[in-house]
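Asker: To be precise about what I am sending: the file is called final-v8.tsv and holds TSV, C-alpha atoms and all ligand atoms.
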chain	number	residue	atom	x	y	z
X	1	MET	CA	111.01	96.55	111.21
X	2	GLU	CA	111.24	99.18	113.90
X	3	ASN	CA	108.33	101.60	114.02
X	4	SER	CA	108.87	105.32	114.21
X	5	ILE	CA	105.21	106.11	114.73
X	6	ALA	CA	102.56	103.70	116.01
X	7	LEU	CA	98.93	104.60	116.66
X	8	ARG	CA	96.53	102.21	118.29
X	9	ASP	CA	92.79	102.89	118.54
X	10	ILE	CA	93.21	106.65	118.77
X	11	SER	CA	89.94	108.45	119.48
X	12	LEU	CA	89.42	112.17	119.95
X	13	THR	CA	86.29	114.28	120.39
X	14	TYR	CA	86.48	118.08	120.53
X	15	GLN	CA	84.24	119.79	123.08
X	16	THR	CA	82.87	123.02	121.65
X	17	LYS	CA	80.21	125.53	122.72
X	18	GLU	CA	77.93	124.08	120.06
X	19	GLY	CA	78.49	120.53	121.29
X	20	GLU	CA	80.82	117.63	120.63
X	21	VAL	CA	82.74	117.10	117.40
X	22	GLU	CA	83.99	113.56	117.06
X	23	ALA	CA	87.17	113.88	114.96
X	24	LEU	CA	88.94	110.51	115.32
X	25	ARG	CA	87.49	107.07	115.95
X	26	LYS	CA	89.82	104.19	116.76
X	27	VAL	CA	92.53	105.12	114.28
X	28	SER	CA	95.36	102.59	114.04
X	29	PHE	CA	98.34	102.58	111.69
X	30	HIS	CA	102.12	102.72	111.86
X	31	VAL	CA	105.03	104.28	110.04
X	32	ALA	CA	108.23	102.22	109.94
X	33	LYS	CA	111.61	103.81	110.49
X	34	GLY	CA	112.70	105.56	107.29
X	35	GLU	CA	109.35	105.03	105.66
X	36	PHE	CA	107.31	107.67	103.81
X	37	VAL	CA	103.58	107.39	104.48
X	38	ALA	CA	100.83	109.59	103.05
X	39	LEU	CA	97.50	110.18	104.76
X	40	VAL	CA	94.63	110.98	102.42
X	41	GLY	CA	91.07	111.74	103.37
X	42	PRO	CA	88.24	114.16	102.69
X	43	SER	CA	88.57	117.74	103.85
X	44	GLY	CA	87.61	118.13	107.50
X	45	CYS	CA	87.90	114.42	108.27
X	46	GLY	CA	90.52	114.81	111.00
X	47	LYS	CA	93.91	114.66	109.25
X	48	SER	CA	95.42	117.71	110.96
X	49	THR	CA	94.00	116.50	114.26
X	50	LEU	CA	95.89	113.24	113.79
X	51	LEU	CA	99.16	115.08	113.19
X	52	SER	CA	98.54	117.17	116.33
X	53	VAL	CA	98.10	113.98	118.34
X	54	ILE	CA	101.37	112.56	116.99
X	55	ALA	CA	103.13	115.89	117.64
X	56	GLY	CA	101.89	115.78	121.24
X	57	LEU	CA	99.82	118.97	120.83
X	58	GLU	CA	96.44	117.31	121.34
X	59	GLN	CA	95.72	114.55	123.79
X	60	PRO	CA	93.49	111.74	122.56
X	61	ASP	CA	90.54	110.52	124.66
X	62	GLY	CA	91.47	106.93	124.01
X	63	GLY	CA	94.19	104.79	122.49
X	64	THR	CA	97.96	104.96	122.53
X	65	VAL	CA	100.50	106.67	120.33
X	66	THR	CA	104.22	106.04	120.40
X	67	VAL	CA	107.00	107.93	118.66
X	68	CYS	CA	110.38	106.19	118.38
X	69	GLY	CA	109.09	103.59	120.84
X	70	GLU	CA	108.10	106.10	123.52
X	71	MET	CA	104.60	107.08	124.58
X	72	VAL	CA	103.78	110.59	123.46
X	73	ALA	CA	103.26	112.87	126.46
X	74	GLY	CA	103.88	116.26	124.83
X	75	PRO	CA	105.91	117.88	122.07
X	76	SER	CA	109.11	115.96	121.32
X	77	ARG	CA	112.33	117.16	119.74
X	78	ARG	CA	112.36	114.03	117.63
X	79	VAL	CA	109.37	115.32	115.69
X	80	GLY	CA	109.56	118.19	113.20
X	81	PHE	CA	106.51	119.86	111.74
X	82	MET	CA	106.18	121.45	108.30
X	83	PRO	CA	103.03	123.57	108.01
X	84	GLN	CA	100.73	124.37	105.10
X	85	GLN	CA	102.00	127.93	104.70
X	86	ASP	CA	105.78	128.30	104.74
X	87	GLN	CA	105.56	130.81	107.63
X	88	LEU	CA	108.81	132.49	106.72
X	89	PHE	CA	109.37	135.94	108.22
X	90	SER	CA	109.71	138.63	105.56
X	91	TRP	CA	112.13	140.74	107.60
X	92	ARG	CA	114.59	137.89	108.15
X	93	THR	CA	117.05	136.60	105.58
X	94	ILE	CA	116.69	133.03	104.33
X	95	ARG	CA	119.54	131.89	106.57
X	96	ASP	CA	118.05	133.62	109.62
X	97	ASN	CA	114.67	132.08	108.86
X	98	VAL	CA	116.28	128.65	108.69
X	99	LEU	CA	118.03	129.28	112.02
X	100	LEU	CA	114.83	130.27	113.81
X	101	GLY	CA	114.10	126.90	115.43
X	102	LEU	CA	117.65	126.63	116.70
X	103	GLN	CA	117.53	130.17	118.08
X	104	ILE	CA	114.34	129.42	119.98
X	105	ARG	CA	116.07	126.41	121.51
X	106	ARG	CA	119.25	128.39	122.14
X	107	GLU	CA	121.22	125.86	120.13
X	108	VAL	CA	123.01	128.10	117.66
X	109	ASP	CA	126.52	126.71	117.95
X	110	GLU	CA	129.23	125.95	115.42
X	111	GLU	CA	128.11	122.39	114.82
X	112	HIS	CA	124.51	123.37	114.11
X	113	LEU	CA	125.60	126.27	111.90
X	114	ARG	CA	127.71	123.88	109.85
X	115	HIS	CA	124.73	121.53	109.56
X	116	VAL	CA	122.42	124.34	108.40
X	117	ASP	CA	124.90	125.77	105.91
X	118	GLY	CA	125.45	122.24	104.59
X	119	LEU	CA	121.72	121.82	104.05
X	120	LEU	CA	121.43	125.20	102.31
X	121	ALA	CA	124.31	124.27	100.01
X	122	ARG	CA	123.13	120.71	99.29
X	123	TYR	CA	119.65	121.84	98.37
X	124	GLY	CA	120.49	124.83	96.21
X	125	LEU	CA	119.82	127.71	98.59
X	126	ALA	CA	123.35	128.80	99.50
X	127	ASP	CA	123.33	131.62	96.94
X	128	PHE	CA	120.05	132.89	98.38
X	129	ALA	CA	121.03	132.76	102.06
X	130	LYS	CA	121.27	136.53	102.38
X	131	MET	CA	118.05	137.26	100.50
X	132	ARG	CA	114.56	137.75	101.95
X	133	PRO	CA	111.74	135.25	101.40
X	134	GLN	CA	109.82	137.58	99.05
X	135	GLN	CA	112.77	137.42	96.61
X	136	LEU	CA	112.32	133.65	96.26
X	137	SER	CA	109.87	131.58	94.23
X	138	GLY	CA	107.11	129.67	96.03
X	139	GLY	CA	108.95	126.40	95.47
X	140	MET	CA	112.19	127.71	96.93
X	141	ARG	CA	110.32	129.05	99.94
X	142	GLN	CA	108.90	125.58	100.61
X	143	ARG	CA	112.40	124.12	100.36
X	144	CYS	CA	113.55	126.76	102.83
X	145	ALA	CA	110.69	125.84	105.20
X	146	LEU	CA	111.73	122.19	105.03
X	147	ILE	CA	115.36	123.04	105.74
X	148	ARG	CA	114.23	125.07	108.75
X	149	THR	CA	112.43	121.96	110.01
X	150	LEU	CA	115.52	119.84	109.32
X	151	ALA	CA	117.82	122.29	111.11
X	152	THR	CA	116.91	120.90	114.53
X	153	ASP	CA	117.56	117.39	113.17
X	154	PRO	CA	114.27	115.61	113.98
X	155	ASP	CA	113.92	111.88	113.20
X	156	ILE	CA	110.35	112.28	112.05
X	157	LEU	CA	108.78	114.85	109.75
X	158	LEU	CA	105.09	115.65	109.82
X	159	LEU	CA	103.97	117.53	106.70
X	160	ASP	CA	100.48	119.03	106.64
X	161	GLU	CA	99.45	119.72	103.03
X	162	PRO	CA	102.76	121.51	102.43
X	163	PHE	CA	102.16	122.14	98.73
X	164	SER	CA	98.58	123.38	98.77
X	165	ALA	CA	99.56	127.04	98.35
X	166	LEU	CA	101.54	126.29	95.17
X	167	ASP	CA	100.30	126.20	91.58
X	168	TYR	CA	100.15	122.85	89.78
X	169	GLN	CA	103.43	123.05	87.86
X	170	THR	CA	105.37	124.21	90.91
X	171	ARG	CA	103.83	121.44	93.01
X	172	LEU	CA	105.25	118.82	90.66
X	173	THR	CA	108.81	120.10	90.94
X	174	VAL	CA	108.65	120.96	94.62
X	175	SER	CA	107.14	117.64	95.67
X	176	GLY	CA	110.03	115.95	93.81
X	177	ASP	CA	112.56	118.20	95.57
X	178	ILE	CA	111.06	117.63	99.01
X	179	TRP	CA	110.88	113.87	98.43
X	180	ARG	CA	114.55	113.78	97.43
X	181	ILE	CA	115.63	115.80	100.46
X	182	ILE	CA	113.67	113.63	102.90
X	183	ARG	CA	115.10	110.49	101.29
X	184	SER	CA	118.70	111.60	101.27
X	185	GLU	CA	118.49	112.87	104.86
X	186	GLY	CA	117.09	109.45	105.85
X	187	LYS	CA	114.02	110.82	107.64
X	188	THR	CA	110.74	109.13	108.46
X	189	ALA	CA	107.87	111.12	106.98
X	190	LEU	CA	104.12	111.37	107.36
X	191	LEU	CA	102.51	113.56	104.70
X	192	VAL	CA	98.91	114.77	104.85
X	193	THR	CA	97.39	115.55	101.47
X	194	HIS	CA	94.03	115.50	99.73
X	195	ASP	CA	95.79	115.07	96.39
X	196	ILE	CA	95.84	111.38	95.44
X	197	SER	CA	98.46	111.77	92.71
X	198	GLU	CA	100.76	113.50	95.19
X	199	ALA	CA	100.34	110.62	97.62
X	200	VAL	CA	101.00	107.96	94.96
X	201	SER	CA	104.02	109.81	93.59
X	202	MET	CA	105.72	110.34	96.95
X	203	ALA	CA	104.72	107.68	99.49
X	204	ASP	CA	105.78	104.10	100.22
X	205	ARG	CA	102.31	103.46	101.61
X	206	VAL	CA	99.07	105.43	101.48
X	207	VAL	CA	96.61	105.37	104.38
X	208	VAL	CA	93.06	106.23	103.29
X	209	LEU	CA	90.84	107.81	105.93
X	210	SER	CA	87.06	107.91	106.00
X	211	ARG	CA	84.93	110.99	106.39
X	212	ARG	CA	84.77	112.45	109.92
X	213	PRO	CA	85.09	110.85	112.38
X	214	ALA	CA	88.26	109.57	110.71
X	215	THR	CA	88.89	105.85	110.72
X	216	VAL	CA	91.39	103.96	108.57
X	217	LYS	CA	89.54	102.60	105.55
X	218	LYS	CA	92.41	100.95	103.75
X	219	VAL	CA	96.19	101.00	103.47
X	220	PHE	CA	97.80	100.75	100.03
X	221	ASP	CA	101.40	99.64	99.50
X	222	MET	CA	103.02	101.32	96.50
X	223	GLY	CA	105.07	98.15	95.85
X	224	GLN	CA	107.30	98.50	92.81
X	225	LEU	CA	106.72	102.25	92.67
X	226	ARG	CA	108.68	102.63	95.91
X	227	GLN	CA	111.97	102.44	93.99
X	228	LEU	CA	111.02	105.26	91.62
X	229	THR	CA	111.22	109.03	92.00
X	230	PRO	CA	107.97	111.03	91.97
X	231	LEU	CA	108.49	111.99	88.31
X	232	GLN	CA	109.28	108.42	87.25
X	233	ARG	CA	106.20	107.21	89.10
X	234	ARG	CA	103.95	109.64	87.26
X	235	GLU	CA	105.23	108.16	84.00
X	236	SER	CA	104.90	104.55	85.16
X	237	PRO	CA	102.09	102.37	83.78
X	238	LEU	CA	101.37	101.33	87.39
X	239	PHE	CA	100.53	104.87	88.46
X	240	SER	CA	96.95	105.06	87.20
X	241	GLY	CA	96.07	101.71	88.77
X	242	PHE	CA	97.01	102.94	92.22
X	243	PHE	CA	95.34	106.28	91.57
X	244	ASP	CA	92.05	104.61	90.58
X	245	SER	CA	92.01	102.19	93.53
X	246	ILE	CA	92.57	104.98	96.02
X	247	TRP	CA	90.04	107.20	94.27
X	248	LYS	CA	87.40	104.46	94.50
X	249	GLU	CA	88.17	103.91	98.16
X	250	LEU	CA	87.75	107.63	98.82
X	251	GLU	CA	84.53	107.87	96.81
X	252	LEU	CA	82.95	105.13	98.85
X	253	THR	CA	83.41	107.08	102.08
X	301	LIG	P1	91.36	118.02	108.18
X	301	LIG	O1	92.75	118.40	108.51
X	301	LIG	O2	91.20	116.61	107.72
X	301	LIG	O3	90.74	118.95	107.19
X	301	LIG	P2	90.84	118.70	110.97
X	301	LIG	O4	91.61	117.70	111.73
X	301	LIG	O5	91.42	120.06	110.87
X	301	LIG	O6	90.48	118.12	109.52
X	301	LIG	O7	89.41	118.85	111.63
X	301	LIG	C1	88.54	117.74	111.87
X	301	LIG	C2	87.25	118.24	112.47
X	301	LIG	O8	87.49	118.73	113.79
X	301	LIG	C3	86.62	119.38	111.71
X	301	LIG	O9	85.22	119.23	111.77
X	301	LIG	C4	87.06	120.61	112.47
X	301	LIG	O10	86.11	121.64	112.35
X	301	LIG	C5	87.12	120.09	113.90
X	301	LIG	N1	88.16	120.77	114.71
X	301	LIG	C6	89.45	120.88	114.40
X	301	LIG	N2	90.13	121.51	115.40
X	301	LIG	C7	89.21	121.82	116.34
X	301	LIG	C8	89.26	122.50	117.61
X	301	LIG	N3	90.43	122.96	118.09
X	301	LIG	N4	88.12	122.64	118.29
X	301	LIG	C9	86.95	122.17	117.81
X	301	LIG	N5	86.83	121.51	116.64
X	301	LIG	C10	87.93	121.35	115.90
X	302	MG	MG	93.98	119.98	107.80
Would you mind writing the structure in this file as structure tokens?
Ligand code: ADP
Ligand code: MG
Answerer:
Amino acid sequence: MENSIALRDISLTYQTKEGEVEALRKVSFHVAKGEFVALVGPSGCGKSTLLSVIAGLEQPDGGTVTVCGEMVAGPSRRVGFMPQQDQLFSWRTIRDNVLLGLQIRREVDEEHLRHVDGLLARYGLADFAKMRPQQLSGGMRQRCALIRTLATDPDILLLDEPFSALDYQTRLTVSGDIWRIIRSEGKTALLVTHDISEAVSMADRVVVLSRRPATVKKVFDMGQLRQLTPLQRRESPLFSGFFDSIWKELELT
């Protein structure tokens, strides 16, 4: 299958005043087109650094990274980024927040407006378009942040712990919502999380990273769970098996 993201022997060491911080050591993995991959690893191991490399924001010291078959040389419009905090502006309406990326690119035309209004309608935010972010629940704000990322129509979504600011119950619903949106929009996704159950409930494959410097310890294929929604997976008898295997792999790091 065609790869959307391919990393080969990626290494990166930060130079700081206090000395060198080796963040990544020969990291190799791929994400196939349309696939949903989760990256799990201990806090501080280099997960965000990896996303920055894929987004073209950090240059690795060694190795190669390709996105949609092309070598990454800088930020690409094919890659959309969804941050940890929703970063919605309180003084803008929901619709104007969603349009922000397009405005920055000076691409607010009729076609894009139709696309954005379609997304707002499909994912239950049309009635809230004129409201401000503070009038929305945390879960709806995350949905809004995802739609803003989708507005510029990237092929690939990078999600850096997007649910960590939400309480447990909200996380369950929102992760289901986000999963459904990514699926139905046919996007390739790479999700960073330190929550194993989130990874097992959303991903097709889970890449387990070691402690810093990050290396790939093991890749788990979710097999039969792939066909199920996040909620169905959590109720599946297979769920705990995957959870335990990944947990053990992480504990050994
Ligand atoms: P994670 O996202 O897995 O928590 P990060 O990729 O953010 O980890 O960070 C990996 C390591 O690199 C950490 O030790 C962090 O302190 C360090 N680091 C991250 N960004 C920088 C930077 N810009 N300069 C120096 N060190 C950094
Ligand atoms: Mg991080």
Asker: For CA of Leu231 (chain X) and CA of Ile156 (chain X), determine how far apart the two atoms are, in Å to one decimal place.
Answerer: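 We find that CA of Leu231 (chain X) and CA of Ile156 (chain X) lie 23.8 Å from each other.
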Asker: Taking all atoms listed in the file into account, report as a PyMOL selection string which residues have an atom no farther than 7 Å from an atom of ligand LIG 301 (chain X).
Answerer: chain X and resi 14-16+21+23+41-50+212
Asker: Would you export the selected residues with C-alpha atoms as a PDB file, keeping the file's coordinate frame, please?
Answerer:
ATOM      1  CA  TYR X  14      86.480 118.080 120.530  1.00  0.00           C
ATOM      2  CA  GLN X  15      84.240 119.790 123.080  1.00  0.00           C
ATOM      3  CA  THR X  16      82.870 123.020 121.650  1.00  0.00           C
ATOM      4  CA  VAL X  21      82.740 117.100 117.400  1.00  0.00           C
ATOM      5  CA  ALA X  23      87.170 113.880 114.960  1.00  0.00           C
ATOM      6  CA  GLY X  41      91.070 111.740 103.370  1.00  0.00           C
ATOM      7  CA  PRO X  42      88.240 114.160 102.690  1.00  0.00           C
ATOM      8  CA  SER X  43      88.570 117.740 103.850  1.00  0.00           C
ATOM      9  CA  GLY X  44      87.610 118.130 107.500  1.00  0.00           C
ATOM     10  CA  CYS X  45      87.900 114.420 108.270  1.00  0.00           C
ATOM     11  CA  GLY X  46      90.520 114.810 111.000  1.00  0.00           C
ATOM     12  CA  LYS X  47      93.910 114.660 109.250  1.00  0.00           C
ATOM     13  CA  SER X  48      95.420 117.710 110.960  1.00  0.00           C
ATOM     14  CA  THR X  49      94.000 116.500 114.260  1.00  0.00           C
ATOM     15  CA  LEU X  50      95.890 113.240 113.790  1.00  0.00           C
ATOM     16  CA  ARG X 212      84.770 112.450 109.920  1.00  0.00           C
TER      17      ARG X 212
END
Asker: What is the distance between CA of Thr229 (chain X) and CA of Val206 (chain X), in Å to one decimal?
Answerer: 15.8 Å
Asker: Give me the residues within 9 Å of His30 (chain X) as a list in words, counting only C-alpha atoms and dropping any in the same chain fewer than 6 places off.
Answerer: Asn3, Ser4, Ile5, Ala6, Leu7, Arg8 and Val37 of chain X
Asker: Keeping C-alpha atoms for every residue in the selection just given, could you write it to a file as a tab-separated table (two decimals), in the frame of the given file?
Answerer:
chain	number	residue	atom	x	y	z
X	3	ASN	CA	108.33	101.60	114.02
X	4	SER	CA	108.87	105.32	114.21
X	5	ILE	CA	105.21	106.11	114.73
X	6	ALA	CA	102.56	103.70	116.01
X	7	LEU	CA	98.93	104.60	116.66
X	8	ARG	CA	96.53	102.21	118.29
X	37	VAL	CA	103.58	107.39	104.48
Asker: For ligand MG 302 (chain X), which of X:Arg226, X:Arg205, X:His194, X:Arg233 is the closest residue, counting all atoms listed in the file?
Answerer: X:His194
Asker: Using all atoms listed in the file, find the one residue out of X:Gln85, X:Gln135, X:Gln227, X:Ser90 that sits nearest to ligand MG 302 (chain X).
Answerer: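 Smallest separation from ligand MG 302 (chain X) among the options: X:Gln85.
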Asker: I want to know what sits within 12 Å of Leu159 (chain X), based on only C-alpha atoms, with residues of the same chain fewer than 6 positions away left out; could you give that as an NGL selection string?
Answerer: :X and (36-39 or 47-48 or 50-52 or 54-55 or 79-86 or 142 or 145-146 or 149 or 175 or 178-179 or 182 or 188-193 or 199)
Asker: Please provide as a ChimeraX atom specification all residues within 12 Å of Ser245 (chain X), with the sequence filter that same-chain residues fewer than 6 positions apart are discarded (counting all atoms listed in the file).
Answerer: /X:196-197,200,206,208,218-222,238-239,251-252
Asker: What separation in Å, quoted to one decimal, exists between CA of Ala165 (chain X) and CA of Leu125 (chain X)?
Answerer: 20.3 Å
Asker: Enclose region 73-82 of chain X, meaning all of its atoms listed in the file, in a box aligned along x, y and z, pad it by 8 Å on each side, and list the centre and edge lengths in Å to one decimal, as lines of an AutoDock Vina configuration file.
Answerer:
center_x = 107.8
center_y = 117.2
center_z = 117.4
size_x = 25.1
size_y = 24.6
size_z = 34.2
Asker: X:Asp204, X:Asp177, X:Asp61, X:Glu110: which is nearest Arg143 (chain X), counting only C-alpha atoms?
Answerer: X:Asp177
Asker: Hey, which of X:Asp244, X:Asp96, X:Asp153, X:Glu58 ends up closest to Lys187 (chain X)? Count all atoms listed in the file.
Answerer: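 Looking only at the distances to Lys187 (chain X), the closest residue turns out to be X:Asp153.
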Asker: Just checking: using only C-alpha atoms and all ligand atoms, which residue out of X:Ala203, X:Val40, X:Ala32, X:Ala126 ends up closest to ligand MG 302 (chain X)?
Answerer: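 For ligand MG 302 (chain X), the nearest of the candidates is X:Val40.
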Asker: For ligand MG 302 (chain X), which residue among X:Ser28, X:Gln103, X:Ser164, X:Gln134 is the nearest when counting all atoms listed in the file?
Answerer: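 Checking each candidate against ligand MG 302 (chain X), we get X:Ser164 as the closest.
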Asker: Step by step: start from the point (123.0, 122.1, 106.5) in the file's coordinates, keep every protein, DNA or RNA residue that has an atom no farther than 12 Å from it, count all atoms listed in the file, and write the set as a ChimeraX atom specification.
Answerer: /X:95,98-99,110-126,129,144,146-153,181,185
